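Enquirer: Structure file coords-v1.txt, compact mmCIF, C-alpha atoms, is pasted below:
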# COMPACT_ATOMS: atom_id res chain seq x y z
CA MET A 1197 -85.18 70.89 159.40
CA PHE A 1198 -81.48 70.42 160.14
CA ASP A 1199 -79.26 73.29 161.06
CA MET A 1200 -75.92 73.52 159.26
CA GLU A 1201 -73.91 71.79 161.98
CA GLU A 1202 -76.31 68.84 162.23
CA ALA A 1203 -76.35 68.45 158.46
CA TYR A 1204 -72.55 68.33 158.33
CA THR A 1205 -72.39 65.80 161.19
CA ILE A 1206 -74.97 63.53 159.57
CA ALA A 1207 -73.21 63.79 156.21
CA HIS A 1208 -69.80 62.87 157.69
CA LEU A 1209 -71.19 59.86 159.55
CA LEU A 1210 -73.22 58.73 156.55
CA MET A 1211 -70.18 58.86 154.29
CA ILE A 1212 -68.03 56.90 156.75
CA ILE A 1213 -70.58 54.18 157.49
CA ALA A 1214 -72.02 53.76 153.99
CA GLY A 1215 -68.61 54.17 152.38
CA LEU A 1216 -66.96 51.46 154.47
CA ILE A 1217 -69.87 49.08 153.88
CA MET A 1218 -69.64 49.63 150.13
CA LEU A 1219 -65.85 49.29 150.19
CA ILE A 1220 -65.87 45.96 152.03
CA PHE A 1221 -68.84 44.27 150.39
CA GLY A 1222 -68.20 45.87 146.99
CA SER A 1223 -64.59 44.65 146.91
CA ILE A 1224 -65.64 41.12 147.86
CA GLY A 1225 -68.43 41.20 145.28
CA ASN A 1226 -66.22 42.38 142.45
CA LEU A 1227 -63.60 39.74 143.24
CA LEU A 1228 -66.34 37.12 142.97
CA ASN A 1229 -67.54 38.74 139.73
CA ILE A 1230 -64.01 38.49 138.34
CA TYR A 1231 -63.86 34.81 139.26
CA VAL A 1232 -67.23 33.94 137.70
CA PHE A 1233 -66.86 36.02 134.54
CA THR A 1234 -63.37 34.65 133.98
CA LEU A 1235 -64.88 31.15 133.99
CA TRP A 1236 -67.75 32.18 131.76
CA SER A 1237 -65.55 33.99 129.25
CA ARG A 1238 -63.26 30.95 128.89
CA SER A 1239 -65.56 27.96 129.24
CA ARG A 1240 -67.13 28.02 125.82
CA GLN A 1241 -63.76 27.85 124.17
CA VAL A 1242 -63.31 24.49 125.83
CA LEU A 1243 -66.92 23.30 125.82
CA LYS A 1244 -67.92 23.90 122.21
CA ASP A 1245 -71.63 23.85 121.55
CA GLN A 1246 -72.73 22.70 118.13
CA HIS A 1247 -75.64 25.13 117.92
CA GLN A 1248 -73.92 28.38 118.81
CA ASN A 1249 -70.96 30.51 117.73
CA THR A 1250 -68.50 30.03 120.55
CA ASN A 1251 -66.58 33.23 119.72
CA GLN A 1252 -69.74 35.33 120.01
CA ALA A 1253 -71.27 33.53 122.99
CA ASN A 1254 -68.93 34.90 125.65
CA ASN A 1255 -68.69 38.55 124.54
CA SER A 1256 -70.89 39.79 127.37
CA SER A 1257 -68.87 37.84 129.92
CA LEU A 1258 -65.67 39.46 128.64
CA TYR A 1259 -67.19 42.92 128.89
CA LEU A 1260 -68.48 42.21 132.40
CA LEU A 1261 -65.09 40.83 133.44
CA VAL A 1262 -63.22 44.02 132.54
CA SER A 1263 -66.10 46.09 133.94
CA SER A 1264 -65.73 44.30 137.29
CA ILE A 1265 -61.97 44.90 137.29
CA SER A 1266 -62.62 48.59 136.65
CA ASN A 1267 -65.20 48.68 139.45
CA LEU A 1268 -62.73 47.15 141.89
CA ILE A 1269 -60.15 49.83 141.07
CA VAL A 1270 -62.76 52.57 141.54
CA LEU A 1271 -63.63 51.20 144.99
CA LEU A 1272 -60.05 50.70 146.18
CA TYR A 1273 -58.77 54.16 145.31
CA PRO A 1274 -61.39 56.86 144.53
CA LEU A 1275 -63.93 55.55 147.07
CA VAL A 1276 -61.34 55.26 149.84
CA THR A 1277 -60.20 58.83 149.24
CA ARG A 1278 -63.84 60.02 149.03
CA ILE A 1279 -64.44 58.52 152.48
CA ILE A 1280 -61.36 60.39 153.75
CA PHE A 1281 -62.44 63.68 152.12
CA ASP A 1282 -66.15 63.72 152.99
CA GLY A 1283 -66.21 61.40 155.99
CA PHE A 1284 -63.28 62.84 157.91
CA ASN A 1285 -63.37 66.35 156.40
CA TYR A 1286 -59.82 66.00 155.12
CA SER A 1287 -58.25 68.94 153.28
CA VAL A 1288 -55.67 68.27 150.59
CA SER A 1289 -52.33 70.02 150.99
CA PRO A 1290 -50.36 71.30 147.95
CA ASN A 1291 -47.70 68.59 148.31
CA GLN A 1292 -50.43 65.91 147.96
CA VAL A 1293 -51.88 67.29 144.74
CA ILE A 1294 -50.45 64.59 142.49
CA LEU A 1295 -51.70 61.62 144.51
CA LEU A 1296 -55.00 62.95 145.85
CA CYS A 1297 -56.10 65.23 143.02
CA LYS A 1298 -54.47 64.53 139.67
CA ILE A 1299 -54.08 60.74 139.83
CA ARG A 1300 -57.24 60.25 141.87
CA PHE A 1301 -59.54 61.99 139.41
CA PHE A 1302 -57.75 60.43 136.44
CA VAL A 1303 -58.31 56.96 137.93
CA LEU A 1304 -61.90 57.77 138.94
CA HIS A 1305 -63.07 59.05 135.58
CA THR A 1306 -61.03 56.65 133.47
CA PHE A 1307 -62.09 53.44 135.19
CA ASP A 1308 -65.64 54.46 136.03
CA LEU A 1309 -66.29 55.49 132.43
CA MET A 1310 -64.64 52.28 131.26
CA SER A 1311 -66.88 50.26 133.57
CA LEU A 1312 -70.03 52.00 132.34
CA THR A 1313 -68.98 51.68 128.70
CA TYR A 1314 -68.12 47.99 129.01
CA PHE A 1315 -71.46 47.39 130.69
CA CYS A 1316 -73.23 49.27 127.89
CA MET A 1317 -71.38 47.09 125.37
CA ALA A 1318 -72.42 43.95 127.25
CA THR A 1319 -76.04 45.14 127.22
CA PHE A 1320 -75.86 45.93 123.50
CA ASP A 1321 -74.37 42.51 122.81
CA ARG A 1322 -77.23 40.87 124.72
CA TYR A 1323 -79.69 42.95 122.69
CA LEU A 1324 -78.15 41.53 119.51
CA ILE A 1325 -77.91 37.94 120.77
CA THR A 1326 -81.50 37.79 122.06
CA SER A 1327 -83.02 39.25 118.87
CA ARG A 1328 -85.15 36.98 116.69
CA ASN A 1329 -83.70 38.85 113.70
CA ALA A 1330 -80.84 36.79 112.28
CA HIS A 1331 -79.18 39.89 110.81
CA LEU A 1332 -78.97 41.53 114.26
CA ARG A 1333 -77.63 38.34 115.86
CA ASN A 1334 -74.87 38.19 113.23
CA LEU A 1335 -73.77 41.71 114.15
CA SER A 1336 -72.39 40.38 117.44
CA THR A 1337 -68.62 40.51 117.11
CA THR A 1338 -66.18 37.63 117.42
CA LYS A 1339 -64.18 37.21 120.61
CA HIS A 1340 -61.04 38.53 118.90
CA HIS A 1341 -62.82 41.71 117.82
CA THR A 1342 -64.36 42.06 121.28
CA LYS A 1343 -60.88 42.12 122.81
CA GLN A 1344 -59.88 44.79 120.32
CA ILE A 1345 -62.92 46.88 121.28
CA ILE A 1346 -62.04 46.51 124.97
CA LEU A 1347 -58.49 47.70 124.29
CA LEU A 1348 -59.67 50.66 122.17
CA ILE A 1349 -62.10 51.78 124.90
CA PHE A 1350 -59.29 51.61 127.46
CA LEU A 1351 -56.92 53.66 125.28
CA PHE A 1352 -59.63 56.17 124.41
CA PHE A 1353 -60.48 57.01 128.02
CA CYS A 1354 -56.82 57.09 129.07
CA LEU A 1355 -56.13 59.68 126.35
CA HIS A 1356 -59.41 61.51 126.95
CA ASN A 1357 -58.62 62.03 130.65
CA ILE A 1358 -55.00 63.18 130.32
CA PRO A 1359 -56.12 66.82 130.87
CA LEU A 1360 -57.22 65.80 134.37
CA LEU A 1361 -53.55 65.15 135.18
CA ILE A 1362 -52.73 68.64 133.97
CA PHE A 1363 -55.53 70.90 135.18
CA PHE A 1364 -56.49 69.50 138.58
CA GLU A 1365 -54.97 71.50 141.44
CA VAL A 1366 -55.62 72.19 145.13
CA SER A 1367 -57.94 75.14 145.77
CA SER A 1368 -57.58 77.65 148.61
CA THR A 1369 -60.15 75.65 150.62
CA GLY A 1370 -58.15 72.39 150.37
CA ASP A 1371 -60.39 70.86 147.70
CA CYS A 1372 -59.40 69.44 144.33
CA ASP A 1373 -60.55 71.66 141.49
CA VAL A 1374 -59.91 72.34 137.80
CA ASN A 1375 -57.75 75.44 137.40
CA SER A 1376 -58.68 76.11 133.74
CA ASN A 1377 -61.92 77.97 133.03
CA GLN A 1378 -62.09 76.61 129.49
CA TYR A 1379 -61.52 72.99 130.45
CA SER A 1380 -63.80 73.27 133.50
CA TYR A 1381 -66.81 73.69 131.19
CA TYR A 1382 -65.86 70.63 129.17
CA TYR A 1383 -65.16 68.66 132.35
CA LEU A 1384 -68.53 69.57 133.86
CA TYR A 1385 -70.81 69.22 130.88
CA ALA A 1386 -69.06 66.59 128.74
CA THR A 1387 -67.40 64.34 131.32
CA GLN A 1388 -69.54 64.72 134.42
CA ILE A 1389 -73.02 65.29 133.02
CA PHE A 1390 -72.97 63.63 129.58
CA LEU A 1391 -70.56 60.69 129.90
CA HIS A 1392 -71.32 59.81 133.53
CA GLY A 1393 -75.01 60.69 133.42
CA ILE A 1394 -76.98 61.33 130.25
CA PHE A 1395 -75.28 58.80 127.97
CA PRO A 1396 -75.55 55.69 130.20
CA ILE A 1397 -79.07 56.67 131.29
CA VAL A 1398 -80.33 57.02 127.71
CA PHE A 1399 -78.35 54.08 126.28
CA LEU A 1400 -79.31 51.60 128.99
CA SER A 1401 -82.91 52.80 129.05
CA ILE A 1402 -83.22 52.11 125.32
CA PHE A 1403 -81.30 48.86 124.97
CA GLY A 1404 -82.29 47.54 128.39
CA THR A 1405 -85.95 47.96 127.39
CA LEU A 1406 -85.39 46.38 123.97
CA THR A 1407 -83.52 43.44 125.50
CA PHE A 1408 -86.35 42.96 128.02
CA GLN A 1409 -88.83 42.85 125.12
CA HIS A 1410 -86.66 40.26 123.37
CA LEU A 1411 -86.65 38.16 126.54
CA LYS A 1412 -90.45 38.28 126.75
CA GLN A 1413 -90.69 37.09 123.15
CA LEU A 1414 -88.23 34.27 123.83
CA GLN A 1415 -90.24 33.16 126.86
CA ILE A 1416 -93.38 33.04 124.76
CA HIS A 1417 -91.81 31.00 121.96
CA VAL A 1418 -89.63 28.74 124.10
CA ARG A 1419 -91.74 26.84 126.63
CA SER A 1420 -88.91 25.92 128.98
CA HIS A 1421 -86.75 27.40 131.67
CA LEU A 1422 -84.51 30.27 130.63
CA ASN A 1423 -81.11 29.00 129.63
CA VAL A 1424 -77.85 30.53 130.77
CA ASP A 1425 -77.71 33.09 127.97
CA LYS A 1426 -81.19 34.35 128.82
CA GLN A 1427 -80.26 34.50 132.51
CA LEU A 1428 -77.31 36.72 131.60
CA SER A 1429 -79.57 38.98 129.54
CA ARG A 1430 -82.09 39.27 132.37
CA MET A 1431 -79.26 40.02 134.81
CA LEU A 1432 -78.03 42.88 132.60
CA VAL A 1433 -81.51 44.35 132.32
CA LEU A 1434 -81.84 44.52 136.13
CA MET A 1435 -78.38 46.07 136.49
CA SER A 1436 -79.26 48.60 133.79
CA ILE A 1437 -82.24 49.72 135.84
CA ALA A 1438 -80.04 50.13 138.93
CA ILE A 1439 -77.45 52.18 136.99
CA VAL A 1440 -80.12 54.47 135.54
CA ILE A 1441 -81.73 55.10 138.93
CA SER A 1442 -78.45 55.81 140.73
CA SER A 1443 -77.03 57.96 137.91
CA ILE A 1444 -79.90 60.47 137.95
CA PRO A 1445 -79.03 62.13 141.32
CA TYR A 1446 -75.37 62.45 140.30
CA CYS A 1447 -76.35 64.06 137.01
CA VAL A 1448 -78.73 66.47 138.79
CA GLU A 1449 -76.02 67.39 141.31
CA GLN A 1450 -73.56 68.23 138.55
CA LEU A 1451 -76.19 70.36 136.80
CA TYR A 1452 -76.77 72.18 140.07
CA TYR A 1453 -73.05 72.92 140.46
CA GLY A 1454 -72.93 74.17 136.89
CA MET A 1455 -75.89 76.50 137.30
CA PHE A 1456 -75.79 77.52 140.98
CA ALA A 1457 -72.18 77.06 142.03
CA HIS A 1458 -72.28 80.24 144.10
CA GLY A 1459 -75.50 79.64 146.00
CA ASN A 1460 -76.54 80.81 149.43
CA GLN A 1461 -73.91 79.89 152.01
CA GLN A 1462 -76.66 79.19 154.59
CA GLN A 1463 -77.73 76.22 152.49
CA SER A 1464 -74.24 74.75 152.33
CA GLY A 1465 -74.80 72.23 155.14
CA LEU A 1466 -77.86 70.75 153.46
CA ILE A 1467 -76.17 70.91 150.07
CA PHE A 1468 -73.18 69.00 151.46
CA LEU A 1469 -75.53 66.33 152.84
CA LEU A 1470 -77.16 66.00 149.41
CA HIS A 1471 -73.68 65.83 147.87
CA VAL A 1472 -72.78 62.92 150.17
CA ILE A 1473 -76.01 61.09 149.31
CA SER A 1474 -75.33 61.63 145.61
CA SER A 1475 -71.75 60.37 146.05
CA ILE A 1476 -72.97 57.26 147.84
CA LEU A 1477 -75.41 56.54 145.03
CA PHE A 1478 -72.62 57.10 142.52
CA TYR A 1479 -70.52 54.37 144.16
CA VAL A 1480 -73.50 52.03 144.55
CA ASN A 1481 -73.03 50.95 140.93
CA PRO A 1482 -69.51 49.52 141.27
CA ALA A 1483 -70.30 48.19 144.76
CA SER A 1484 -73.61 46.44 144.16
CA SER A 1485 -73.27 44.71 140.79
CA PHE A 1486 -72.38 41.29 142.19
CA TYR A 1487 -75.34 41.27 144.57
CA ILE A 1488 -77.78 42.17 141.79
CA TYR A 1489 -76.27 39.44 139.63
CA PHE A 1490 -76.36 36.98 142.54
CA ILE A 1491 -80.03 37.61 143.34
CA SER A 1492 -81.19 37.53 139.72
CA THR A 1493 -79.11 34.71 138.24
CA PRO A 1494 -79.31 31.09 139.49
CA HIS A 1495 -76.32 30.03 137.39
CA LEU A 1496 -74.07 32.68 138.94
CA ARG A 1497 -75.19 31.57 142.41
CA HIS A 1498 -74.20 28.03 141.48
CA GLU A 1499 -70.74 29.15 140.35
CA VAL A 1500 -70.18 30.95 143.67
CA GLN A 1501 -71.37 27.89 145.60
CA ARG A 1502 -68.94 25.73 143.66
CA LEU A 1503 -66.13 28.11 144.61
CA PHE A 1504 -66.83 27.77 148.34
CA TYR A 1505 -67.86 24.11 148.29
CA ARG A 1506 -65.59 22.81 145.55
CA SER A 1507 -65.01 19.48 147.24
CA LYS A 1508 -68.77 18.79 147.42
CA HIS A 1509 -69.72 20.06 143.96
CA ARG A 1510 -67.67 18.33 141.29
CA PRO A 1511 -68.22 19.57 137.72
CA HIS A 1512 -69.93 17.08 135.47
CA PHE A 1513 -70.17 17.71 131.73
CA THR A 1514 -73.01 16.59 129.52
CA ASN A 1515 -72.34 17.75 125.99
CA ASN A 1516 -75.93 18.23 124.95
CA GLN A 1517 -77.11 20.13 128.05
CA ILE A 1518 -74.38 22.64 128.77
CA HIS A 1519 -76.59 25.72 128.52
CA THR A 1520 -79.67 24.74 130.53
CA ILE A 1521 -80.51 25.86 134.04
CA THR A 1522 -81.54 22.37 135.03
CA ASP A 1523 -78.06 21.07 134.30
CA LEU A 1524 -76.44 23.03 137.12
CA HIS A 1525 -73.22 21.06 137.07
CA GLN A 1526 -72.07 22.65 133.82
CA PRO A 1527 -69.43 25.41 134.03
CA HIS A 1528 -70.40 28.33 131.80
What would you get if you wrote out this structure as structure tokens?

Expert:
Amino acid sequence: MFDMEEAYTIAHLLMIIAGLIMLIFGSIGNLLNIYVFTLWSRSRQVLKDQHQNTNQANNSSLYLLVSSISNLIVLLYPLVTRIIFDGFNYSVSPNQVILLCKIRFFVLHTFDLMSLTYFCMATFDRYLITSRNAHLRNLSTTKHHTKQIILLIFLFFCLHNIPLLIFFEVSSTGDCDVNSNQYSYYYLYATQIFLHGIFPIVFLSIFGTLTFQHLKQLQIHVRSHLNVDKQLSRMLVLMSIAIVISSIPYCVEQLYYGMFAHGNQQQSGLIFLLHVISSILFYVNPASSFYIYFISTPHLRHEVQRLFYRSKHRPHFTNNQIHTITDLHQPH
């Protein structure tokens, strides 16, 4: 058992070390994601395939592109300030309330919810595309409509989180807190628990499982290597599992704060350590996506290799083999 002082020390060190690792590698990973998904979202406009709707084919890449941009913003601002708060035990002064409370939590919840929502949309699009039901496949939107959906999601969360700019203030202990009792309940249960926790867990559990079943059926009926589209679907299924696993502790922590906010002070050191672990897991999602994609997707690995060894790997186009794994010289 840790005493309170040891628990606080371990928590501070853990937040600093893990936070900096996630910041560095997560930022690099999301920049590489942005590069790859930009290529993938554009390439099929240029390289038209006769057997596939080119407007529908790159919807998931578009969603993952804007999700990666959102993740990068979450790492560069909210994560950095979280390291300062929890790692260095920094207390916010009243004259810093706008930058470190109001804007910080607006950026955190707006872009993290956008990232999760865009990823959910990418997963749902893969569910539609991989279905053997022609009606479901036709429900996948065109690229123009996908851009409209992306814009609407952005506007929705910007408007939804405006109250954060109004109600967040500095508490007497130097922490950022909501100063409205009415809004605090909505913030806790709707924003923190439902939107950040329950919704992505349930949605990705359902559609990740259904997409995985579609992939198994495709493997049975297509006796060849998975093509690029199936690689992308498999990649999203693995990332869905990671999001679900890492979201559960955060959701449990928020439930604890809602039910036992005034617990025993003697437990505060251990509770703070658990809070730091939960926070680290929360930021694992935006920090780790590239590495999950890289491990699970040969075509993404090839795109990254081409970026670093462009002079040795010249693109070569073969019109009738653009989408196969074996034709690794095709840009997607």

Enquirer: Which residues come within 12 Å of stretch 1347-1353 of chain A, counting all atoms listed in the file, excluding same-chain residues fewer than 6 positions away, as a list of chain:residue names?

Expert: A:Leu1258, A:Tyr1259, A:Val1262, A:Ser1263, A:Ser1266, A:Phe1302, A:Val1303, A:Leu1304, A:His1305, A:Thr1306, A:Phe1307, A:Asp1308, A:Leu1309, A:Met1310, A:Ser1311, A:Leu1312, A:Thr1313, A:Tyr1314, A:Phe1315, A:Cys1316, A:Met1317, A:His1340, A:His1341, A:Pro1359, A:Leu1360, A:Thr1387, A:Leu1391

Enquirer: Taking into account all atoms listed in the file, which residue in the set A:Met1200, A:Ala1438, A:Leu1260, A:Ile1217 is nearest to A:Asn1229?

Expert: A:Leu1260

Enquirer: Of the candidates A:Leu1228, A:Val1270, A:Leu1296, A:Leu1469, which shows the shortest atom-to-atom distance to A:Gly1283, using all atoms listed in the file?

Expert: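 Once distances to A:Gly1283 are computed over all atoms listed in the file, the minimum belongs to A:Leu1469.
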
Enquirer: Counting all atoms listed in the file, what is within 6 Å of stretch 1254-1257 of chain A, bar same-chain residues fewer than 4 positions away, as a list in words?

Expert: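 Non-adjacent residues within range: Phe1233, Ser1237, Leu1261 and Ala1318 of chain A.
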
Enquirer: Which value, in Å to one decimal, gives the distance between atom CA of A:Pro1482 and atom CA of A:Tyr1446?

Expert: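 We find that atom CA of A:Pro1482 and atom CA of A:Tyr1446 lie 14.2 Å from each other.
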
Enquirer: Pick out the closest residue to A:Leu1272 from this set: A:Leu1432, A:Ile1491, A:Ile1220, A:Ile1467. Count only C-alpha atoms.

Expert: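 Distance minimum relative to A:Leu1272 lands on A:Ile1220.
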
Enquirer: Stretch 1304-1319 of chain A, all listed atoms, 6 Å padding on each side: what axis-aligned box centre and edge lengths in Å to one decimal come out, as AutoDock Vina command-line options?

Expert:
--center_x -68.5 --center_y 51.5 --center_z 132.2 --size_x 27.0 --size_y 27.1 --size_z 25.6

Enquirer: Nearest to A:Ile1279: which of A:His1356, A:Arg1506, A:His1410, A:His1208 is it, counting all atoms listed in the file?

Expert: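 Of the candidates, the smallest distance to A:Ile1279 is held by A:His1208.
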
Enquirer: As an exercise, work out the distance from atom CA of A:Ser1336 to atom CA of A:Leu1324 in Å and give it to one decimal place.

Expert: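 Interatomic distance here is 6.2 Å.
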
Enquirer: Around the point (-72.0, 51.6, 147.6) in the file's coordinates, collect all residues with an atom within 7 Å, using only C-alpha atoms, and return them as a list in words.

Expert: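 The residues near that point, listed by chain and number, are Ala1214, Gly1215, Met1218, Gly1222, Ile1476, Leu1477, Tyr1479, Val1480, Asn1481, Ala1483 and Ser1484 of chain A.
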
Enquirer: With only C-alpha atoms as the basis for distance, which of A:Arg1278, A:Arg1430, A:Arg1333, A:Arg1238 is at the shortest distance from A:Asp1321?

Expert: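 Selected residue with least distance to A:Asp1321: A:Arg1333.
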
Enquirer: Find the spatial neighbours of A:Glu1449, counting all atoms listed in the file, within a cut-off of 9 Å - ignore same-chain residues fewer than 5 positions away - and output them as JSON, numbers by chain.

Expert: {"A": [1444, 1454, 1470, 1471, 1474]}

Enquirer: Given only C-alpha atoms as the basis, pick out the residue of A:Ile1488, A:Leu1406, A:Leu1466, A:Ile1212 nearest to A:Thr1326.

Expert: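 For A:Thr1326, the nearest of the given residues is A:Leu1406.
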
Enquirer: What gap, in Å, lies between atom CA of A:Ser1443 and atom CA of A:Met1431?

Expert: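 Atom CA of A:Ser1443 sits 18.3 Å away from atom CA of A:Met1431.
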
Enquirer: If I only have part of stretch 1382-1394 of chain A, can you fill in N, CA, C and O atoms and write it as a PDB file, in the coordinates of the input?

Expert:
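And here is the file that came out, out14.pdb:
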ATOM      1  N   TYR A1382     -65.849  71.942 129.815  1.00  0.00           N
ATOM      2  CA  TYR A1382     -65.860  70.630 129.170  1.00  0.00           C
ATOM      3  C   TYR A1382     -65.947  69.520 130.226  1.00  0.00           C
ATOM      4  O   TYR A1382     -66.704  68.553 130.068  1.00  0.00           O
ATOM      5  N   TYR A1383     -65.168  69.667 131.289  1.00  0.00           N
ATOM      6  CA  TYR A1383     -65.160  68.660 132.350  1.00  0.00           C
ATOM      7  C   TYR A1383     -66.540  68.496 132.962  1.00  0.00           C
ATOM      8  O   TYR A1383     -67.013  67.369 133.177  1.00  0.00           O
ATOM      9  N   LEU A1384     -67.214  69.630 133.224  1.00  0.00           N
ATOM     10  CA  LEU A1384     -68.530  69.570 133.860  1.00  0.00           C
ATOM     11  C   LEU A1384     -69.574  68.987 132.935  1.00  0.00           C
ATOM     12  O   LEU A1384     -70.265  68.021 133.288  1.00  0.00           O
ATOM     13  N   TYR A1385     -69.690  69.565 131.749  1.00  0.00           N
ATOM     14  CA  TYR A1385     -70.810  69.220 130.880  1.00  0.00           C
ATOM     15  C   TYR A1385     -70.564  67.962 130.048  1.00  0.00           C
ATOM     16  O   TYR A1385     -71.491  67.165 129.848  1.00  0.00           O
ATOM     17  N   ALA A1386     -69.338  67.770 129.577  1.00  0.00           N
ATOM     18  CA  ALA A1386     -69.060  66.590 128.740  1.00  0.00           C
ATOM     19  C   ALA A1386     -68.758  65.359 129.581  1.00  0.00           C
ATOM     20  O   ALA A1386     -69.362  64.294 129.384  1.00  0.00           O
ATOM     21  N   THR A1387     -67.816  65.505 130.535  1.00  0.00           N
ATOM     22  CA  THR A1387     -67.400  64.340 131.320  1.00  0.00           C
ATOM     23  C   THR A1387     -68.406  64.008 132.419  1.00  0.00           C
ATOM     24  O   THR A1387     -68.912  62.877 132.500  1.00  0.00           O
ATOM     25  N   GLN A1388     -68.699  64.985 133.262  1.00  0.00           N
ATOM     26  CA  GLN A1388     -69.540  64.720 134.420  1.00  0.00           C
ATOM     27  C   GLN A1388     -70.999  64.461 134.058  1.00  0.00           C
ATOM     28  O   GLN A1388     -71.599  63.479 134.500  1.00  0.00           O
ATOM     29  N   ILE A1389     -71.582  65.366 133.268  1.00  0.00           N
ATOM     30  CA  ILE A1389     -73.020  65.290 133.020  1.00  0.00           C
ATOM     31  C   ILE A1389     -73.347  64.336 131.876  1.00  0.00           C
ATOM     32  O   ILE A1389     -74.224  63.477 132.009  1.00  0.00           O
ATOM     33  N   PHE A1390     -72.613  64.461 130.738  1.00  0.00           N
ATOM     34  CA  PHE A1390     -72.970  63.630 129.580  1.00  0.00           C
ATOM     35  C   PHE A1390     -72.453  62.204 129.720  1.00  0.00           C
ATOM     36  O   PHE A1390     -73.232  61.244 129.665  1.00  0.00           O
ATOM     37  N   LEU A1391     -71.134  62.033 129.897  1.00  0.00           N
ATOM     38  CA  LEU A1391     -70.560  60.690 129.900  1.00  0.00           C
ATOM     39  C   LEU A1391     -70.932  59.884 131.135  1.00  0.00           C
ATOM     40  O   LEU A1391     -71.181  58.679 131.047  1.00  0.00           O
ATOM     41  N   HIS A1392     -70.961  60.535 132.299  1.00  0.00           N
ATOM     42  CA  HIS A1392     -71.320  59.810 133.530  1.00  0.00           C
ATOM     43  C   HIS A1392     -72.825  59.733 133.745  1.00  0.00           C
ATOM     44  O   HIS A1392     -73.285  58.884 134.510  1.00  0.00           O
ATOM     45  N   GLY A1393     -73.588  60.627 133.123  1.00  0.00           N
ATOM     46  CA  GLY A1393     -75.010  60.690 133.420  1.00  0.00           C
ATOM     47  C   GLY A1393     -75.915  60.428 132.241  1.00  0.00           C
ATOM     48  O   GLY A1393     -76.539  59.375 132.133  1.00  0.00           O
ATOM     49  N   ILE A1394     -75.990  61.394 131.320  1.00  0.00           N
ATOM     50  CA  ILE A1394     -76.980  61.330 130.250  1.00  0.00           C
ATOM     51  C   ILE A1394     -76.769  60.120 129.346  1.00  0.00           C
ATOM     52  O   ILE A1394     -77.716  59.387 129.032  1.00  0.00           O
TER      53      ILE A1394
END
